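Undergrad: Coordinates in final.pdb, PDB, C-alpha atoms and all ligand atoms, are listed below.
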```pdb
ATOM      1  CA  MET W   1     100.747 274.211 258.994
ATOM      2  CA  HIS W   2      97.665 276.355 259.709
ATOM      3  CA  ASN W   3      94.306 274.558 259.689
ATOM      4  CA  ARG W   4      93.138 276.933 256.949
ATOM      5  CA  SER W   5      95.578 275.134 254.628
ATOM      6  CA  PHE W   6      94.459 273.155 251.584
ATOM      7  CA  VAL W   7      96.642 270.248 250.401
ATOM      8  CA  SER W   8      95.480 267.851 247.715
ATOM      9  CA  LEU W   9      97.105 264.464 247.201
ATOM     10  CA  LEU W  10      97.059 264.882 243.427
ATOM     11  CA  ALA W  11     100.142 266.034 241.547
ATOM     12  CA  TYR W  12     100.623 265.865 237.780
ATOM     13  CA  GLY W  13     103.837 265.350 235.809
ATOM     14  CA  VAL W  14     105.757 263.703 238.655
ATOM     15  CA  ASN W  15     108.295 261.004 237.824
ATOM     16  CA  ASP W  16     109.441 259.988 241.298
ATOM     17  CA  THR W  17     106.376 260.176 243.528
ATOM     18  CA  ALA W  18     108.175 259.247 246.760
ATOM     19  CA  ALA W  19     110.896 261.849 246.235
ATOM     20  CA  PHE W  20     108.310 264.459 245.298
ATOM     21  CA  TRP W  21     106.188 264.012 248.437
ATOM     22  CA  ALA W  22     109.267 263.772 250.675
ATOM     23  CA  ALA W  23     110.497 267.106 249.293
ATOM     24  CA  LEU W  24     107.083 268.672 249.772
ATOM     25  CA  GLN W  25     106.845 267.354 253.367
ATOM     26  CA  ALA W  26     110.300 268.771 254.084
ATOM     27  CA  MET W  27     109.247 272.114 252.648
ATOM     28  CA  PHE W  28     106.079 272.149 254.788
ATOM     29  CA  ALA W  29     108.112 271.198 257.880
ATOM     30  CA  SER W  30     110.465 274.122 257.264
ATOM     31  CA  LEU W  31     107.643 276.664 257.591
ATOM     32  CA  LYS W  32     106.483 278.411 260.746
ATOM     33  CA  ASP W  33     103.661 276.481 262.478
ATOM     34  CA  ASP W  34     100.892 278.932 261.683
ATOM     35  CA  THR W  35     101.645 279.237 257.962
ATOM     36  CA  VAL W  36      98.723 278.739 255.589
ATOM     37  CA  VAL W  37      99.781 276.332 252.833
ATOM     38  CA  PHE W  38      98.085 275.605 249.531
ATOM     39  CA  PHE W  39      99.113 272.728 247.301
ATOM     40  CA  SER W  40      96.710 271.534 244.629
ATOM     41  CA  ASP W  41      96.351 271.485 240.838
ATOM     42  CA  ASN W  42     100.172 271.837 240.644
ATOM     43  CA  LEU W  43     100.032 275.187 242.406
ATOM     44  CA  LEU W  44     102.081 275.648 245.591
ATOM     45  CA  THR W  45     101.792 278.727 247.802
ATOM     46  CA  TRP W  46     102.402 279.547 251.429
ATOM     47  CA  GLY W  47     101.578 282.562 253.521
ATOM     48  CA  LYS W  48      98.617 283.488 251.274
ATOM     49  CA  ALA W  49      95.212 284.271 252.737
ATOM     50  CA  LEU W  50      93.091 281.812 250.672
ATOM     51  CA  HIS W  51      90.177 284.241 250.930
ATOM     52  CA  TRP W  52      87.983 281.851 248.918
ATOM     53  CA  LYS W  53      87.915 279.438 251.868
ATOM     54  CA  SER W  54      85.408 281.831 253.465
ATOM     55  CA  ASP W  55      83.227 281.878 250.346
ATOM     56  CA  ALA W  56      80.153 279.945 251.498
ATOM     57  CA  ALA W  57      78.408 279.964 248.107
ATOM     58  CA  LEU W  58      81.519 278.594 246.397
ATOM     59  CA  ALA W  59      81.968 275.902 249.053
ATOM     60  CA  ARG W  60      78.312 274.877 248.818
ATOM     61  CA  ALA W  61      78.251 274.745 245.000
ATOM     62  CA  ALA W  62      81.569 272.878 244.805
ATOM     63  CA  ALA W  63      80.464 270.347 247.423
ATOM     64  CA  THR W  64      77.160 269.803 245.614
ATOM     65  CA  HIS W  65      78.481 269.481 242.071
ATOM     66  CA  THR W  66      81.895 267.803 242.333
ATOM     67  CA  THR W  67      82.147 264.045 242.567
ATOM     68  CA  ASN W  68      85.868 263.304 242.746
ATOM     69  CA  LEU W  69      89.260 264.535 243.900
ATOM     70  CA  THR W  70      90.249 265.768 240.438
ATOM     71  CA  GLU W  71      87.236 268.085 240.301
ATOM     72  CA  ARG W  72      87.771 269.294 243.868
ATOM     73  CA  SER W  73      91.484 269.890 243.315
ATOM     74  CA  VAL W  74      90.867 272.829 240.937
ATOM     75  CA  VAL W  75      89.226 274.902 243.673
ATOM     76  CA  TRP W  76      91.509 277.921 243.197
ATOM     77  CA  ARG W  77      90.681 278.058 239.487
ATOM     78  CA  THR W  78      87.009 277.769 240.405
ATOM     79  CA  ALA W  79      87.406 280.616 242.890
ATOM     80  CA  THR W  80      88.865 282.764 240.087
ATOM     81  CA  LEU W  81      85.923 281.866 237.862
ATOM     82  CA  ALA W  82      83.540 282.646 240.732
ATOM     83  CA  TRP W  83      85.054 286.137 240.901
ATOM     84  CA  ALA W  84      84.630 286.438 237.126
ATOM     85  CA  VAL W  85      80.925 285.484 237.039
ATOM     86  CA  ARG W  86      80.095 287.721 239.982
ATOM     87  CA  HIS W  87      81.765 290.612 238.187
ATOM     88  CA  ALA W  88      79.976 289.651 234.958
ATOM     89  CA  LEU W  89      76.619 289.945 236.731
ATOM     90  CA  LYS W  90      77.176 293.722 236.663
ATOM     91  CA  ILE W  91      77.702 293.653 232.897
ATOM     92  CA  GLU W  92      75.142 293.242 230.112
ATOM     93  CA  GLY W  93      75.215 289.916 228.270
ATOM     94  CA  ASP W  94      75.089 286.148 228.452
ATOM     95  CA  PHE W  95      77.586 283.596 229.748
ATOM     96  CA  ALA W  96      79.410 281.011 227.620
ATOM     97  CA  GLU W  97      81.897 278.184 228.134
ATOM     98  CA  CYS W  98      83.767 276.693 225.186
ATOM     99  CA  GLY W  99      84.844 273.224 226.342
ATOM    100  CA  CYS W 100      82.471 272.254 229.147
ATOM    101  CA  TYR W 101      83.400 268.538 229.316
ATOM    102  CA  ARG W 102      81.142 267.055 232.063
ATOM    103  CA  GLY W 103      79.696 270.482 232.865
ATOM    104  CA  THR W 104      81.109 270.481 236.388
ATOM    105  CA  THR W 105      82.540 273.994 236.397
ATOM    106  CA  ALA W 106      79.553 275.377 234.520
ATOM    107  CA  ARG W 107      77.145 273.786 236.990
ATOM    108  CA  ILE W 108      79.049 275.299 239.932
ATOM    109  CA  LEU W 109      79.149 278.736 238.290
ATOM    110  CA  TYR W 110      75.441 278.526 237.470
ATOM    111  CA  ASP W 111      74.678 278.262 241.200
ATOM    112  CA  ILE W 112      77.211 280.863 242.295
ATOM    113  CA  ALA W 113      75.794 283.390 239.820
ATOM    114  CA  ASN W 114      72.262 282.377 240.792
ATOM    115  CA  LEU W 115      71.331 282.074 237.133
ATOM    116  CA  SER W 116      68.082 280.302 237.965
ATOM    117  CA  ASP W 117      66.814 283.758 238.978
ATOM    118  CA  SER W 118      68.128 285.439 235.846
ATOM    119  CA  ASP W 119      67.189 286.063 232.216
ATOM    120  CA  ARG W 120      70.787 285.476 231.173
ATOM    121  CA  LYS W 121      71.584 282.435 229.112
ATOM    122  CA  PHE W 122      74.586 280.156 229.673
ATOM    123  CA  TYR W 123      75.859 278.664 226.392
ATOM    124  CA  LEU W 124      77.937 275.481 226.681
ATOM    125  CA  TYR W 125      79.972 273.852 223.911
ATOM    126  CA  ASP W 126      81.839 270.584 223.615
ATOM    127  CA  VAL W 127      82.420 267.763 221.165
ATOM    128  CA  PHE W 128      81.625 265.367 224.066
ATOM    129  CA  GLU W 129      82.537 262.251 222.104
ATOM    130  CA  GLY W 130      86.112 263.233 221.513
ATOM    131  CA  ALA W 131      87.906 262.651 218.237
ATOM    132  CA  GLU W 132      91.481 261.797 217.369
ATOM    133  CA  ASP W 133      92.143 265.280 216.012
ATOM    134  CA  VAL W 134      90.493 267.083 218.940
ATOM    135  CA  ALA W 135      92.655 268.048 221.895
ATOM    136  CA  ASP W 136      91.785 266.122 225.072
ATOM    137  CA  HIS W 137      89.865 263.551 223.043
ATOM    138  CA  ALA W 138      91.073 260.978 225.568
ATOM    139  CA  MET W 139      89.471 262.439 228.687
ATOM    140  CA  PRO W 140      87.837 259.599 230.628
ATOM    141  CA  ALA W 141      84.180 260.648 230.372
ATOM    142  CA  HIS W 142      84.263 261.277 226.620
ATOM    143  CA  GLY W 143      82.032 258.981 224.649
ATOM    144  CA  PRO W 144      78.619 258.585 223.078
ATOM    145  CA  ASP W 145      76.786 259.071 226.405
ATOM    146  CA  LEU W 146      78.454 262.261 227.612
ATOM    147  CA  ALA W 147      76.260 264.784 225.764
ATOM    148  CA  ALA W 148      73.140 263.191 227.264
ATOM    149  CA  GLU W 149      74.727 263.127 230.727
ATOM    150  CA  VAL W 150      75.527 266.828 230.538
ATOM    151  CA  ARG W 151      72.040 267.638 229.238
ATOM    152  CA  ALA W 152      70.589 265.647 232.157
ATOM    153  CA  ARG W 153      72.773 267.585 234.571
ATOM    154  CA  PHE W 154      71.168 270.836 233.395
ATOM    155  CA  ALA W 155      67.660 269.419 232.968
ATOM    156  CA  GLY W 156      65.016 271.961 233.914
ATOM    157  CA  LEU W 157      67.479 274.860 233.736
ATOM    158  CA  ASP W 158      65.997 276.340 230.582
ATOM    159  CA  ASN W 159      68.501 279.168 230.222
ATOM    160  CA  VAL W 160      71.362 276.686 229.624
ATOM    161  CA  ILE W 161      71.925 276.024 225.921
ATOM    162  CA  ILE W 162      74.143 273.064 225.142
ATOM    163  CA  THR W 163      75.583 272.690 221.649
ATOM    164  CA  GLN W 164      77.471 269.565 220.660
ATOM    165  CA  GLY W 165      80.157 269.978 218.032
ATOM    166  CA  ARG W 166      83.442 271.597 217.295
ATOM    167  CA  VAL W 167      84.174 275.165 218.225
ATOM    168  CA  PRO W 168      84.380 277.448 216.306
ATOM    169  CA  GLU W 169      82.049 275.845 213.732
ATOM    170  CA  SER W 170      79.402 274.963 216.351
ATOM    171  CA  LEU W 171      79.124 278.634 217.362
ATOM    172  CA  ALA W 172      77.113 279.112 214.166
ATOM    173  CA  VAL W 173      74.415 276.787 215.558
ATOM    174  CA  ALA W 174      73.708 278.858 218.666
ATOM    175  CA  SER W 175      75.696 281.619 220.297
ATOM    176  CA  PRO W 176      75.170 284.794 222.313
ATOM    177  CA  GLU W 177      74.964 288.241 220.699
ATOM    178  CA  ARG W 178      76.361 290.014 223.785
ATOM    179  CA  ILE W 179      78.651 288.302 226.282
ATOM    180  CA  ALA W 180      79.445 289.223 229.878
ATOM    181  CA  PHE W 181      81.423 286.078 230.790
ATOM    182  CA  LEU W 182      83.363 283.772 228.475
ATOM    183  CA  HIS W 183      85.333 280.745 229.675
ATOM    184  CA  ILE W 184      87.530 279.231 226.962
ATOM    185  CA  ASP W 185      88.866 275.887 228.209
ATOM    186  CA  MET W 186      89.592 273.565 225.292
ATOM    187  CA  ASN W 187      93.337 272.989 225.633
ATOM    188  CA  SER W 188      93.588 273.577 221.893
ATOM    189  CA  GLU W 189      95.164 276.736 220.489
ATOM    190  CA  GLU W 190      93.402 276.360 217.177
ATOM    191  CA  ALA W 191      89.937 276.008 218.734
ATOM    192  CA  GLU W 192      90.595 278.743 221.279
ATOM    193  CA  ILE W 193      91.838 281.227 218.666
ATOM    194  CA  GLY W 194      88.767 280.319 216.585
ATOM    195  CA  ALA W 195      86.500 280.999 219.579
ATOM    196  CA  LEU W 196      88.148 284.370 220.185
ATOM    197  CA  GLU W 197      87.896 285.329 216.518
ATOM    198  CA  ALA W 198      84.179 284.576 216.563
ATOM    199  CA  LEU W 199      83.261 285.919 220.000
ATOM    200  CA  PHE W 200      85.693 288.670 221.030
ATOM    201  CA  ASP W 201      83.735 291.465 219.348
ATOM    202  CA  ARG W 202      80.574 290.311 221.132
ATOM    203  CA  MET W 203      82.069 290.920 224.586
ATOM    204  CA  SER W 204      80.335 293.743 226.424
ATOM    205  CA  PRO W 205      82.688 296.451 227.720
ATOM    206  CA  GLY W 206      83.911 295.234 231.105
ATOM    207  CA  GLY W 207      82.999 291.611 230.380
ATOM    208  CA  VAL W 208      85.448 288.896 231.410
ATOM    209  CA  ILE W 209      87.242 286.270 229.331
ATOM    210  CA  VAL W 210      89.070 283.525 231.257
TER     211      VAL W 210
HETATM  212  C1  LIG U 301      89.750 270.740 230.032
HETATM  213  S1  LIG U 301      88.264 270.103 229.387
HETATM  214  C2  LIG U 301      87.061 271.281 229.897
HETATM  215  C3  LIG U 301      86.779 271.250 231.388
HETATM  216  C4  LIG U 301      85.602 272.110 231.801
HETATM  217  N1  LIG U 301      85.729 273.471 231.307
HETATM  218  C5  LIG U 301      85.476 272.157 233.309
HETATM  219  O1  LIG U 301      86.061 273.088 233.907
HETATM  220  O2  LIG U 301      84.807 271.316 233.905
HETATM  221  C6  LIG U 301      88.475 270.454 227.680
HETATM  222  C7  LIG U 301      87.259 270.124 226.822
HETATM  223  O3  LIG U 301      87.395 270.818 225.581
HETATM  224  C8  LIG U 301      86.783 270.040 224.594
HETATM  225  N2  LIG U 301      87.259 270.473 223.265
HETATM  226  C9  LIG U 301      88.523 270.433 222.779
HETATM  227  N3  LIG U 301      88.543 270.943 221.522
HETATM  228  C10 LIG U 301      87.261 271.319 221.246
HETATM  229  C11 LIG U 301      86.630 271.928 220.119
HETATM  230  N4  LIG U 301      87.314 272.281 219.009
HETATM  231  N5  LIG U 301      85.311 272.174 220.176
HETATM  232  C12 LIG U 301      84.574 271.832 221.277
HETATM  233  N6  LIG U 301      85.118 271.267 222.368
HETATM  234  C13 LIG U 301      86.444 271.018 222.355
HETATM  235  C14 LIG U 301      87.164 268.592 224.928
HETATM  236  O4  LIG U 301      86.218 267.723 224.355
HETATM  237  C15 LIG U 301      87.130 268.625 226.477
HETATM  238  O5  LIG U 301      85.902 268.096 226.957
END
```
Hey, can you dump this file as structure tokens for me?

TA:
Amino acid sequence: MHNRSFVSLLAYGVNDTAAFWAALQAMFASLKDDTVVFFSDNLLTWGKALHWKSDAALARAAATHTTNLTERSVVWRTATLAWAVRHALKIEGDFAECGCYRGTTARILYDIANLSDSDRKFYLYDVFEGAEDVADHAMPAHGPDLAAEVRARFAGLDNVIITQGRVPESLAVASPERIAFLHIDMNSEEAEIGALEALFDRMSPGGVIV
């Protein structure tokens, strides 16, 4: 395996862990020595360039703002989002993330897009406390303290606007008129369709929705 490879020890949805890792090891062993392998976030590739491994700004922001293996394991998704915000910097409008959870991805993207030197606003939405009828209500950090923790994470970054409450209803409290980058990450079809119904027409031409 090439030293440019990235293999995370996290795998989701596995019943027989020993059999799973043995199969993966056998698969790795079957490859030519210099093959670049990626396995993380339930994504397996080999022979791909992993261009994002040379992205110094991404590496720096991810190292600064992630605190655990779960957050680091989604690096390929983050690389895709990094592409999206860099593209969005050429487009008129603000940034928004529906479903920010602990604010980890948003904090990384804030640095990558250098928003501290920008007039653009970054709107973040989450219920934070979770609720039985909200998808992902059981995520570990959910609770009465999470909103304050996320606000503290963005303290002093005055162009970040955090709104607690349910999307789409909470979009009425504060939301951008023109959008260059929109990340919809709520794991809830109903909320995500609601977000698109409210925000799609505010996307600038060429803006990106992930
Ligand atoms: C997968 S997590 C978001 C992770 C985050 N985007 C990141 O990359 O770090 C999903 C989040 O969506 C939130 N969520 C689910 N339904 C929601 C709704 N209707 N309104 C606001 N937030 C919602 C949950 O509270 C949860 O924190």

Undergrad: Using only C-alpha atoms and all ligand atoms, which protein or nucleic acid residues are at most 9 Å from ligand LIG 301 (chain U), as a PyMOL selection string?

TA: chain W and resi 71+74+77-78+97-107+125-131+133-139+141-142+164-170+183-192+194-195

Undergrad: Nearest to Ala63 in chain W: which of W:Ile108, W:Ala79, W:Met1, W:Ile91 is it, counting all atoms listed in the file?

TA: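 Using all atoms listed in the file, the shortest distance to Ala63 in chain W belongs to W:Ile108.
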
Undergrad: So how many Å separate CA of Ser8 in chain W and CA of Val210 in chain W, to one decimal?

TA: 23.6 Å

Undergrad: Take CA of Lys53 in chain W and CA of Phe38 in chain W and report the distance between them in Å, one decimal.

TA: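 Atom-to-atom, CA of Lys53 in chain W and CA of Phe38 in chain W are spaced 11.1 Å apart.
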
Undergrad: Restricting the calculation to all atoms listed in the file, which member of W:Gly143, W:Trp76, W:Leu182, W:Glu149 is positioned closest to Phe122 in chain W?

TA: W:Leu182

Undergrad: Which one is closest to Ala113 in chain W: W:Phe154, W:Leu69, W:Phe181, W:Leu146? Count only C-alpha atoms.

TA: W:Phe181

Undergrad: So which residues touch Gly47 in chain W within 7 Å, counting only C-alpha atoms, skipping near sequence neighbours fewer than 5 positions away, as a ChimeraX atom specification?

TA: /W:35-37

Undergrad: One decimal, in Å: what's the spacing between CA of Ile209 in chain W and CA of Ile179 in chain W?

TA: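 Computing it gives 9.3 Å between the two atoms.
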
Undergrad: Given the point (102.0, 280.4, 248.1) in the file's coordinates, find the residues that have an atom at most 12 Å from it, counting all atoms listed in the file, and give them as a PyMOL selection string.

TA: chain W and resi 5-7+27-28+31+35-40+42-50+76

Undergrad: Go ahead and save the residues from that selection, with C-alpha atoms, as an mmCIF file, in the frame of the given file.

TA:
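This is the output file part_33.cif:
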```cif
data_model
loop_
_atom_site.group_PDB
_atom_site.id
_atom_site.type_symbol
_atom_site.label_atom_id
_atom_site.label_comp_id
_atom_site.auth_asym_id
_atom_site.auth_seq_id
_atom_site.Cartn_x
_atom_site.Cartn_y
_atom_site.Cartn_z
ATOM 1 C CA SER W 5 95.578 275.134 254.628
ATOM 2 C CA PHE W 6 94.459 273.155 251.584
ATOM 3 C CA VAL W 7 96.642 270.248 250.401
ATOM 4 C CA MET W 27 109.247 272.114 252.648
ATOM 5 C CA PHE W 28 106.079 272.149 254.788
ATOM 6 C CA LEU W 31 107.643 276.664 257.591
ATOM 7 C CA THR W 35 101.645 279.237 257.962
ATOM 8 C CA VAL W 36 98.723 278.739 255.589
ATOM 9 C CA VAL W 37 99.781 276.332 252.833
ATOM 10 C CA PHE W 38 98.085 275.605 249.531
ATOM 11 C CA PHE W 39 99.113 272.728 247.301
ATOM 12 C CA SER W 40 96.710 271.534 244.629
ATOM 13 C CA ASN W 42 100.172 271.837 240.644
ATOM 14 C CA LEU W 43 100.032 275.187 242.406
ATOM 15 C CA LEU W 44 102.081 275.648 245.591
ATOM 16 C CA THR W 45 101.792 278.727 247.802
ATOM 17 C CA TRP W 46 102.402 279.547 251.429
ATOM 18 C CA GLY W 47 101.578 282.562 253.521
ATOM 19 C CA LYS W 48 98.617 283.488 251.274
ATOM 20 C CA ALA W 49 95.212 284.271 252.737
ATOM 21 C CA LEU W 50 93.091 281.812 250.672
ATOM 22 C CA TRP W 76 91.509 277.921 243.197
#
```

Undergrad: Would you mind telling me which residue in W:Ala56, W:Ala180, W:Val160, W:Ala23 lies nearest to Ser204 in chain W when using only C-alpha atoms?

TA: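 Ranking W:Ala56, W:Ala180, W:Val160, W:Ala23 by distance to Ser204 in chain W, first place goes to W:Ala180.
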
Undergrad: Using all atoms listed in the file, what does the table of range 129-193 of chain W residues within 8 Å of range 114-121 of chain W look like, with each row giving the shortest atom pair and its distance in Å to one decimal, sorted by chain and ascending number, as CSV?

TA:
```
residue,atom,partner,partner_atom,distance
W:Leu157,CA,W:Ser116,CA,6.9
W:Asn159,CA,W:Lys121,CA,4.6
W:Val160,CA,W:Lys121,CA,5.8
W:Ile161,CA,W:Lys121,CA,7.2
```

Undergrad: Need to verify the contact set: Tyr123 in chain W, 8 Å, all atoms listed in the file, exclusion of same-chain residues closer than 3 positions in sequence. Can you return it as a list in words?

TA: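 Here the answer would be Asp94, Phe95, Ala96, Glu97, Val160, Ile161, Ile162, Thr163, Ser175 and Pro176 of chain W.
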
Undergrad: For each of W:Arg202, W:Ala29, W:Asp55, W:Asp41, take the minimum atom-to-atom distance to Gly13 in chain W, counting only C-alpha atoms, then give the residue where this is smallest.

TA: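 Between W:Arg202, W:Ala29, W:Asp55, W:Asp41, the residue approaching Gly13 in chain W most closely is W:Asp41.
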
Undergrad: For the file shown, what are the residues hit by the PyMOL selection byres (((chain W and resi 86) around 10) and not hetatm), laid out as a PyMOL selection string?

TA: chain W and resi 81-85+87-91+109+112-114+181
